[in-house]
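*Asks:* Take a look at this one; I'll ask things after.
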Amino acid sequence: MSILHSALGAALRMRQEDESADAAPESGLSVTVDCDTGNEYDGRMGVRISSIFVILVGSLLGAVLPVFLARGTKMKVNGTAFFIAKYFGSGVIIGTAFMHLLSPAFEALKSPCLPEGPINDYDWAAGICLMTVFVMFTIELLASRFDFFGHDHSDAKVIDPSLDVLRKGNQTSPSPVRDLETGDASKENGSGHTNDHSMHLPTDVSYPPGGEDHLGHQREHRDSDNHTAFAAQMTGLFILEFGVIFHSIFIGLTLAVAGEEFTVLYVVLVFHQTFEGLGLGSRLATAQWPASKSWMPYVLALGYAVSTPISIAIGLGVRETLQPGSPKSLMINGIFDSISAGILIYTGLVELLAHEFMFNSYMRNAGLKVQLFALGCVALGCGLMAVLAEWA
């Protein structure tokens with residue numbers, strides 16, 4: 001009996017060992033989810049306070065300096081430098097939309113730390129972003145139809161040093177169709193004859209669809225549609241401002257209570273806010289602001305510059321109760337990141353990229369080298385923000 005008992009025991013142990021060996025690969029795939037709702041604040045208050053002022057300076061340089069140089073001084077601004085800043089900033093805005101807003105929104109709204117419910121049953125980040133794009137278009141459409149901004153814009157002036165580069169690269173002599181500043185239907189060349197450029201793209205409202213660009217670019221000033229263009233321009237600028245400020249608030253709160261990754265995040269956000277401010281500031285500087293609202297671009301640029309420093313200060317003030325990992329915080333961050341992503345995707349692709357390259361007669365008539373140079377600046381801005389997304 002003892003021999004039989006020993007044999008059965010040995011067989012049972014061998015079977016258990018085989019089962020555990022078969023289950024080992026499955027156990028290797030197990031994932032432990034840490035849903036700590038607290039924050040990782042670890043002191044270093046002095047360095048955190050310094051981030052308020054350093055990021056403020058960087059944001060001011062990025063957002064306010066282009067406006068001041070283009071509109072607030074009589075100093076000659078280098079057209080090439082402004083050209084690079086303008087298109088580089090457009091790329092920064094597009095890169096921010098996808099890599100710094102939409103991607104984190106997916107992570108937040110698909111977090112395993114969220115409670116079971118409808119939030120887990122749908123890709124809400126994509127859905128909210130999609131709805132935002134349609135809402136932005138609807139707002140712009142309505143703004144062009146109704147008088148939201150008044151009619152005191154007849155004295156609006158175009159200030160865009162980057163146009164010097166486009167004019168130098170222009171492949172054609174003056175356009176025979178409407179001059180964007182005077183609305184004339186033709187221009188005469190030096191010999192007194194009207195140029196015939198029927199082979200070139202026309203600049204009337206039939207091409208491109210939607211007419212001339214309207215976010216800080218040249219446009220015709222005919223009485224019949226000047227108000228519509230101005231309203232569309234203002235709407236685009238305020239939409240852009242809204243999107244970048246929301247994003248800036250949340251990253252400021254995140255930086256305030258960051259743990260061991262604080263140093264890396266600090267450095268990355270200094271560059272992030274400076275470059276994003278450059279994208280906003282270059283657009284504010286080149287927009288057509290009437291004399292009665294000449295102060296507006298400074299206010300909008302300043303509003304962006306102080307948004308992140310103020311949110312850092314608030315985050316430090318509530319550091320003991322701020323819980324960025326809680327389900328409520330994850331949902332709030334995810335929803336607002338999705339909204340901001342939709343705003344910047346619409347603004348970046350429609351208002352900036354499409355209107356700058358397709359609807360701007362200066363760019364369409366510029367040489368291929370100038371167009372590729374501008375596109376390269378956009379790609380550089382996108383690529384830089386994609387690289388920074390590795391850390392922030």
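Going through the structure tokens in order, the chains are called A, B, and so on, while each chain numbers its residues from 1 and the ligands are numbered from 1 in the order shown.
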Please build the interface table for segment 245-338 of chain A against segment 88-93 of chain A with a cut-off of 9 Å, listing for each qualifying residue the nearest atom pair and the distance in Å to one decimal; count only C-alpha atoms, order rows by chain and increasing number, and write it as a Markdown table.
*Replies:*
| residue | atom | partner | partner_atom | distance |
| --- | --- | --- | --- | --- |
| A:His272 | CA | A:Val92 | CA | 8.8 |
| A:Phe275 | CA | A:Val92 | CA | 6.7 |
| A:Glu276 | CA | A:Val92 | CA | 6.0 |
| A:Gly277 | CA | A:Gly89 | CA | 8.0 |
| A:Leu278 | CA | A:Gly89 | CA | 5.5 |
| A:Gly279 | CA | A:Gly89 | CA | 3.4 |
| A:Leu280 | CA | A:Gly89 | CA | 7.1 |
| A:Gly281 | CA | A:Gly89 | CA | 8.5 |
| A:Ser282 | CA | A:Gly89 | CA | 7.2 |
| A:Arg283 | CA | A:Gly89 | CA | 8.6 |
*Asks:* If DSSP is run on the backbone, what residues of segment 255-315 of chain A are alpha helix (DSSP H)? A reply as a VMD selection string would be ideal.
*Replies:* chain A and resid 255 to 256 262 to 286 296 to 315
*Asks:* Let's have the selection written as a CSV table (one decimal), in the first residue's frame, with N, CA and C atoms.
*Replies:*
chain,number,residue,atom,x,y,z
A,255,LEU,N,2.3,69.7,-14.2
A,255,LEU,CA,3.7,70.0,-13.8
A,255,LEU,C,3.8,70.3,-12.3
A,256,ALA,N,2.8,70.9,-11.8
A,256,ALA,CA,2.8,71.4,-10.4
A,256,ALA,C,3.0,70.2,-9.4
A,262,PHE,N,9.7,65.4,-12.8
A,262,PHE,CA,9.4,66.8,-12.9
A,262,PHE,C,10.5,67.5,-13.6
A,263,THR,N,11.8,67.2,-13.4
A,263,THR,CA,12.9,67.9,-14.1
A,263,THR,C,12.8,67.8,-15.6
A,264,VAL,N,12.6,66.6,-16.1
A,264,VAL,CA,12.4,66.4,-17.6
A,264,VAL,C,11.2,67.2,-18.1
A,265,LEU,N,10.1,67.0,-17.4
A,265,LEU,CA,8.9,67.7,-17.8
A,265,LEU,C,9.0,69.2,-17.8
A,266,TYR,N,9.7,69.7,-16.8
A,266,TYR,CA,10.0,71.2,-16.7
A,266,TYR,C,10.7,71.7,-17.9
A,267,VAL,N,11.8,71.0,-18.3
A,267,VAL,CA,12.5,71.5,-19.5
A,267,VAL,C,11.7,71.4,-20.7
A,268,VAL,N,11.0,70.3,-20.9
A,268,VAL,CA,10.2,70.1,-22.1
A,268,VAL,C,9.1,71.1,-22.2
A,269,LEU,N,8.5,71.4,-21.1
A,269,LEU,CA,7.3,72.4,-21.2
A,269,LEU,C,7.8,73.8,-21.4
A,270,VAL,N,9.0,74.1,-21.0
A,270,VAL,CA,9.5,75.4,-21.4
A,270,VAL,C,9.6,75.6,-22.9
A,271,PHE,N,10.2,74.6,-23.6
A,271,PHE,CA,10.2,74.6,-25.0
A,271,PHE,C,8.8,74.5,-25.7
A,272,HIS,N,8.0,73.6,-25.1
A,272,HIS,CA,6.7,73.4,-25.6
A,272,HIS,C,5.9,74.7,-25.6
A,273,GLN,N,5.8,75.4,-24.5
A,273,GLN,CA,5.0,76.6,-24.3
A,273,GLN,C,5.6,77.8,-25.2
A,274,THR,N,6.9,77.8,-25.3
A,274,THR,CA,7.5,78.8,-26.2
A,274,THR,C,7.2,78.6,-27.6
A,275,PHE,N,7.3,77.4,-28.1
A,275,PHE,CA,7.0,77.1,-29.5
A,275,PHE,C,5.5,77.3,-29.8
A,276,GLU,N,4.7,76.8,-28.9
A,276,GLU,CA,3.2,76.9,-29.1
A,276,GLU,C,2.8,78.4,-29.1
A,277,GLY,N,3.5,79.2,-28.2
A,277,GLY,CA,3.2,80.6,-28.2
A,277,GLY,C,3.7,81.3,-29.5
A,278,LEU,N,4.7,80.8,-30.1
A,278,LEU,CA,5.2,81.3,-31.3
A,278,LEU,C,4.1,81.1,-32.4
A,279,GLY,N,3.5,79.9,-32.4
A,279,GLY,CA,2.5,79.7,-33.4
A,279,GLY,C,1.3,80.6,-33.2
A,280,LEU,N,0.9,80.9,-32.0
A,280,LEU,CA,-0.2,81.8,-31.7
A,280,LEU,C,0.2,83.2,-32.0
A,281,GLY,N,1.4,83.6,-31.5
A,281,GLY,CA,1.8,85.0,-31.7
A,281,GLY,C,2.0,85.4,-33.1
A,282,SER,N,2.5,84.6,-33.9
A,282,SER,CA,2.7,84.9,-35.3
A,282,SER,C,1.4,85.1,-36.0
A,283,ARG,N,0.4,84.4,-35.6
A,283,ARG,CA,-1.0,84.6,-36.2
A,283,ARG,C,-1.6,85.9,-35.7
A,284,LEU,N,-1.5,86.2,-34.5
A,284,LEU,CA,-2.0,87.4,-33.9
A,284,LEU,C,-1.4,88.6,-34.5
A,285,ALA,N,-0.1,88.5,-34.8
A,285,ALA,CA,0.7,89.6,-35.3
A,285,ALA,C,0.3,90.0,-36.8
A,286,THR,N,-0.1,88.9,-37.6
A,286,THR,CA,-0.4,89.2,-39.0
A,286,THR,C,-1.8,89.3,-39.3
A,296,MET,N,-6.0,94.4,-28.9
A,296,MET,CA,-6.5,93.0,-28.8
A,296,MET,C,-5.4,92.0,-28.9
A,297,PRO,N,-4.6,92.0,-29.9
A,297,PRO,CA,-3.6,91.0,-30.1
A,297,PRO,C,-2.6,90.9,-28.9
A,298,TYR,N,-2.3,92.0,-28.2
A,298,TYR,CA,-1.5,92.0,-27.0
A,298,TYR,C,-2.2,91.3,-25.9
A,299,VAL,N,-3.5,91.5,-25.7
A,299,VAL,CA,-4.3,90.9,-24.7
A,299,VAL,C,-4.4,89.4,-24.9
A,300,LEU,N,-4.7,89.0,-26.1
A,300,LEU,CA,-4.8,87.6,-26.4
A,300,LEU,C,-3.4,86.9,-26.2
A,301,ALA,N,-2.3,87.5,-26.6
A,301,ALA,CA,-1.0,86.9,-26.4
A,301,ALA,C,-0.7,86.8,-24.9
A,302,LEU,N,-1.0,87.9,-24.2
A,302,LEU,CA,-0.7,87.9,-22.8
A,302,LEU,C,-1.6,86.8,-22.0
A,303,GLY,N,-2.8,86.7,-22.5
A,303,GLY,CA,-3.7,85.7,-21.9
A,303,GLY,C,-3.1,84.3,-22.0
A,304,TYR,N,-2.5,84.0,-23.2
A,304,TYR,CA,-1.9,82.7,-23.3
A,304,TYR,C,-0.6,82.6,-22.5
A,305,ALA,N,0.2,83.6,-22.4
A,305,ALA,CA,1.4,83.6,-21.7
A,305,ALA,C,1.2,83.3,-20.2
A,306,VAL,N,0.2,83.8,-19.6
A,306,VAL,CA,0.0,83.7,-18.1
A,306,VAL,C,-0.8,82.5,-17.8
A,307,SER,N,-1.4,81.8,-18.8
A,307,SER,CA,-2.3,80.6,-18.4
A,307,SER,C,-1.6,79.5,-17.7
A,308,THR,N,-0.5,79.1,-18.3
A,308,THR,CA,0.3,78.0,-17.6
A,308,THR,C,0.9,78.4,-16.3
A,309,PRO,N,1.6,79.5,-16.2
A,309,PRO,CA,2.1,80.0,-14.9
A,309,PRO,C,1.0,80.0,-13.8
A,310,ILE,N,-0.2,80.6,-14.1
A,310,ILE,CA,-1.2,80.6,-13.2
A,310,ILE,C,-1.7,79.3,-12.7
A,311,SER,N,-1.8,78.3,-13.7
A,311,SER,CA,-2.3,77.0,-13.4
A,311,SER,C,-1.2,76.2,-12.5
A,312,ILE,N,0.1,76.5,-12.8
A,312,ILE,CA,1.1,75.9,-11.9
A,312,ILE,C,1.0,76.4,-10.5
A,313,ALA,N,0.7,77.7,-10.3
A,313,ALA,CA,0.6,78.3,-9.0
A,313,ALA,C,-0.7,77.7,-8.3
A,314,ILE,N,-1.7,77.5,-9.0
A,314,ILE,CA,-2.9,76.9,-8.5
A,314,ILE,C,-2.7,75.5,-8.1
A,315,GLY,N,-2.0,74.7,-8.9
A,315,GLY,CA,-1.7,73.3,-8.6
A,315,GLY,C,-0.8,73.2,-7.4
*Asks:* When you look at Tyr346 of chain A with a cut-off of 9 Å (counting only C-alpha atoms), what residues show up, excluding the ones that are within fewer than 3 positions of it in the same chain? I need them as a PyMOL selection string.
*Replies:* chain A and resi 132-134+136-137+341-343+349-352
*Asks:* Gln323 of chain A: which residues within 12 Å, counting only C-alpha atoms, same-chain residues fewer than 5 positions away excluded, as a list in words?
*Replies:* Cys35, Asp36, Thr37, Gly38, Asn39, Glu40, Tyr41, Leu253, Thr254, Ala256, Val257, Ala258, Gly315, Val318, Lys328, Ser329, Leu330, Ile332 and Asn333 of chain A
*Asks:* Based on the selection just made, write N, CA, C and O atoms of those residues as a PDB file, in the first residue's frame.
*Replies:*
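Written out: out33.pdb:
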ATOM      1  N   CYS A  35      -3.820  52.118  -9.714  1.00  0.00           N
ATOM      2  CA  CYS A  35      -4.815  53.178  -9.804  1.00  0.00           C
ATOM      3  C   CYS A  35      -4.730  54.112  -8.605  1.00  0.00           C
ATOM      4  O   CYS A  35      -5.753  54.519  -8.036  1.00  0.00           O
ATOM      5  N   ASP A  36      -3.517  54.431  -8.211  1.00  0.00           N
ATOM      6  CA  ASP A  36      -3.323  55.381  -7.128  1.00  0.00           C
ATOM      7  C   ASP A  36      -3.888  56.734  -7.543  1.00  0.00           C
ATOM      8  O   ASP A  36      -3.501  57.308  -8.554  1.00  0.00           O
ATOM      9  N   THR A  37      -4.830  57.261  -6.758  1.00  0.00           N
ATOM     10  CA  THR A  37      -5.498  58.508  -7.125  1.00  0.00           C
ATOM     11  C   THR A  37      -4.765  59.739  -6.625  1.00  0.00           C
ATOM     12  O   THR A  37      -5.156  60.861  -6.933  1.00  0.00           O
ATOM     13  N   GLY A  38      -3.715  59.544  -5.846  1.00  0.00           N
ATOM     14  CA  GLY A  38      -2.981  60.698  -5.334  1.00  0.00           C
ATOM     15  C   GLY A  38      -2.050  61.266  -6.385  1.00  0.00           C
ATOM     16  O   GLY A  38      -2.040  60.860  -7.545  1.00  0.00           O
ATOM     17  N   ASN A  39      -1.242  62.260  -5.980  1.00  0.00           N
ATOM     18  CA  ASN A  39      -0.254  62.807  -6.902  1.00  0.00           C
ATOM     19  C   ASN A  39       1.139  62.416  -6.430  1.00  0.00           C
ATOM     20  O   ASN A  39       1.313  61.855  -5.351  1.00  0.00           O
ATOM     21  N   GLU A  40       2.143  62.716  -7.241  1.00  0.00           N
ATOM     22  CA  GLU A  40       3.508  62.291  -6.954  1.00  0.00           C
ATOM     23  C   GLU A  40       4.383  63.450  -6.486  1.00  0.00           C
ATOM     24  O   GLU A  40       5.595  63.436  -6.667  1.00  0.00           O
ATOM     25  N   TYR A  41       3.769  64.447  -5.911  1.00  0.00           N
ATOM     26  CA  TYR A  41       4.523  65.602  -5.428  1.00  0.00           C
ATOM     27  C   TYR A  41       5.591  65.148  -4.430  1.00  0.00           C
ATOM     28  O   TYR A  41       5.308  64.414  -3.481  1.00  0.00           O
ATOM     29  N   LEU A 253      -1.163  72.291 -14.345  1.00  0.00           N
ATOM     30  CA  LEU A 253      -1.567  71.522 -13.164  1.00  0.00           C
ATOM     31  C   LEU A 253      -0.762  70.234 -13.053  1.00  0.00           C
ATOM     32  O   LEU A 253      -0.373  69.813 -11.954  1.00  0.00           O
ATOM     33  N   THR A 254      -0.511  69.602 -14.186  1.00  0.00           N
ATOM     34  CA  THR A 254       0.271  68.363 -14.199  1.00  0.00           C
ATOM     35  C   THR A 254       1.696  68.609 -13.726  1.00  0.00           C
ATOM     36  O   THR A 254       2.239  67.841 -12.917  1.00  0.00           O
ATOM     37  N   ALA A 256       2.783  70.936 -11.773  1.00  0.00           N
ATOM     38  CA  ALA A 256       2.834  71.359 -10.379  1.00  0.00           C
ATOM     39  C   ALA A 256       2.983  70.184  -9.421  1.00  0.00           C
ATOM     40  O   ALA A 256       3.661  70.301  -8.387  1.00  0.00           O
ATOM     41  N   VAL A 257       2.384  69.043  -9.734  1.00  0.00           N
ATOM     42  CA  VAL A 257       2.405  67.903  -8.808  1.00  0.00           C
ATOM     43  C   VAL A 257       3.155  66.713  -9.391  1.00  0.00           C
ATOM     44  O   VAL A 257       3.009  65.589  -8.912  1.00  0.00           O
ATOM     45  N   ALA A 258       3.971  66.939 -10.421  1.00  0.00           N
ATOM     46  CA  ALA A 258       4.753  65.840 -11.005  1.00  0.00           C
ATOM     47  C   ALA A 258       5.776  65.333  -9.997  1.00  0.00           C
ATOM     48  O   ALA A 258       6.259  66.086  -9.140  1.00  0.00           O
ATOM     49  N   GLY A 315      -1.983  74.730  -8.949  1.00  0.00           N
ATOM     50  CA  GLY A 315      -1.654  73.346  -8.645  1.00  0.00           C
ATOM     51  C   GLY A 315      -0.797  73.198  -7.398  1.00  0.00           C
ATOM     52  O   GLY A 315      -1.007  72.287  -6.589  1.00  0.00           O
ATOM     53  N   VAL A 318      -2.984  73.709  -4.250  1.00  0.00           N
ATOM     54  CA  VAL A 318      -3.897  72.610  -3.883  1.00  0.00           C
ATOM     55  C   VAL A 318      -3.206  71.259  -4.032  1.00  0.00           C
ATOM     56  O   VAL A 318      -3.862  70.239  -4.247  1.00  0.00           O
ATOM     57  N   LYS A 328     -12.345  60.874 -11.758  1.00  0.00           N
ATOM     58  CA  LYS A 328     -12.945  62.158 -12.107  1.00  0.00           C
ATOM     59  C   LYS A 328     -11.952  63.027 -12.874  1.00  0.00           C
ATOM     60  O   LYS A 328     -12.298  63.631 -13.903  1.00  0.00           O
ATOM     61  N   SER A 329     -10.708  63.092 -12.389  1.00  0.00           N
ATOM     62  CA  SER A 329      -9.693  63.894 -13.071  1.00  0.00           C
ATOM     63  C   SER A 329      -9.365  63.335 -14.448  1.00  0.00           C
ATOM     64  O   SER A 329      -9.164  64.087 -15.407  1.00  0.00           O
ATOM     65  N   LEU A 330      -9.314  62.010 -14.560  1.00  0.00           N
ATOM     66  CA  LEU A 330      -9.025  61.394 -15.851  1.00  0.00           C
ATOM     67  C   LEU A 330     -10.105  61.740 -16.871  1.00  0.00           C
ATOM     68  O   LEU A 330      -9.804  62.060 -18.028  1.00  0.00           O
ATOM     69  N   ILE A 332     -12.173  64.365 -16.785  1.00  0.00           N
ATOM     70  CA  ILE A 332     -12.127  65.800 -17.097  1.00  0.00           C
ATOM     71  C   ILE A 332     -10.986  66.101 -18.054  1.00  0.00           C
ATOM     72  O   ILE A 332     -11.157  66.801 -19.063  1.00  0.00           O
ATOM     73  N   ASN A 333      -9.796  65.567 -17.755  1.00  0.00           N
ATOM     74  CA  ASN A 333      -8.652  65.796 -18.640  1.00  0.00           C
ATOM     75  C   ASN A 333      -8.898  65.229 -20.034  1.00  0.00           C
ATOM     76  O   ASN A 333      -8.578  65.865 -21.049  1.00  0.00           O
TER      77      ASN A 333
END
*Asks:* Taking 3 positions as the minimum chain separation for residues in the same chain, which residues sit within 8 Å of Leu344 of chain A when counting only C-alpha atoms? Answer as an MDAnalysis selection string.
*Replies:* chainID A and resid 93:94 96:97 240 243:244 340:341 347:348
*Asks:* Those residues you just picked out, can you put them in a file as a short mmCIF file (atom, residue, chain, number, x, y, z; two decimals), in the first residue's frame with all heavy atoms?
*Replies:*
data_model
loop_
_atom_site.label_atom_id
_atom_site.label_comp_id
_atom_site.auth_asym_id
_atom_site.auth_seq_id
_atom_site.Cartn_x
_atom_site.Cartn_y
_atom_site.Cartn_z
N ILE A 93 1.33 73.93 -33.92
CA ILE A 93 -0.07 73.81 -33.55
C ILE A 93 -0.66 72.48 -34.02
O ILE A 93 -1.39 71.80 -33.28
CB ILE A 93 -0.87 75.00 -34.13
CG1 ILE A 93 -0.47 76.29 -33.39
CG2 ILE A 93 -2.37 74.77 -34.02
CD1 ILE A 93 -1.03 77.54 -34.00
N ILE A 94 -0.34 72.07 -35.24
CA ILE A 94 -0.84 70.80 -35.76
C ILE A 94 -0.26 69.63 -34.96
O ILE A 94 -0.97 68.69 -34.58
CB ILE A 94 -0.50 70.66 -37.25
CG1 ILE A 94 -1.23 71.74 -38.05
CG2 ILE A 94 -0.89 69.28 -37.77
CD1 ILE A 94 -0.79 71.83 -39.50
N THR A 96 0.85 69.69 -31.89
CA THR A 96 0.26 69.72 -30.55
C THR A 96 -1.11 69.06 -30.55
O THR A 96 -1.46 68.31 -29.62
CB THR A 96 0.14 71.17 -30.06
OG1 THR A 96 1.44 71.75 -29.96
CG2 THR A 96 -0.54 71.24 -28.70
N ALA A 97 -1.91 69.33 -31.57
CA ALA A 97 -3.27 68.78 -31.63
C ALA A 97 -3.26 67.25 -31.59
O ALA A 97 -4.03 66.64 -30.83
CB ALA A 97 -3.96 69.27 -32.90
N LEU A 240 -8.63 79.52 -31.92
CA LEU A 240 -7.25 79.11 -31.67
C LEU A 240 -6.82 79.46 -30.25
O LEU A 240 -6.21 78.64 -29.55
CB LEU A 240 -6.32 79.79 -32.68
CG LEU A 240 -4.83 79.53 -32.54
CD1 LEU A 240 -4.52 78.05 -32.66
CD2 LEU A 240 -4.05 80.32 -33.58
N GLY A 243 -8.41 77.04 -27.70
CA GLY A 243 -7.83 75.71 -27.69
C GLY A 243 -6.49 75.65 -26.98
O GLY A 243 -6.25 74.76 -26.16
N VAL A 244 -5.61 76.59 -27.25
CA VAL A 244 -4.27 76.54 -26.65
C VAL A 244 -4.31 76.88 -25.16
O VAL A 244 -3.51 76.34 -24.37
CB VAL A 244 -3.28 77.46 -27.39
CG1 VAL A 244 -3.08 77.00 -28.82
CG2 VAL A 244 -3.72 78.90 -27.37
N SER A 340 -9.99 70.30 -27.02
CA SER A 340 -8.87 71.13 -27.49
C SER A 340 -8.24 70.53 -28.73
O SER A 340 -7.82 71.27 -29.64
CB SER A 340 -7.82 71.26 -26.38
OG SER A 340 -8.35 71.95 -25.27
N ALA A 341 -8.16 69.20 -28.80
CA ALA A 341 -7.60 68.55 -29.99
C ALA A 341 -8.45 68.86 -31.22
O ALA A 341 -7.93 69.19 -32.29
CB ALA A 341 -7.51 67.04 -29.79
N THR A 347 -8.36 74.17 -36.63
CA THR A 347 -7.63 75.41 -36.87
C THR A 347 -6.35 75.16 -37.66
O THR A 347 -6.03 75.88 -38.61
CB THR A 347 -7.28 76.09 -35.54
OG1 THR A 347 -8.48 76.34 -34.81
CG2 THR A 347 -6.55 77.40 -35.77
N GLY A 348 -5.60 74.13 -37.26
CA GLY A 348 -4.32 73.87 -37.91
C GLY A 348 -4.45 73.43 -39.35
O GLY A 348 -3.72 73.92 -40.23
#
*Asks:* In Å, how far is it from atom CA of His355 of chain A to atom CA of Tyr87 of chain A?
*Replies:*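 So the two atoms, atom CA of His355 of chain A and atom CA of Tyr87 of chain A, lie 12.1 Å apart.
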*Asks:* Rounded to one decimal place, report the atom CA of Ser338 of chain A-atom CA of Trp124 of chain A distance in Å.
*Replies:*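 Here the two named atoms are 8.4 Å from each other.
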*Asks:* Between atom CA of Phe359 of chain A and atom CA of Ala232 of chain A, what distance in Å does the model show, to one decimal?
*Replies:* 14.2 Å
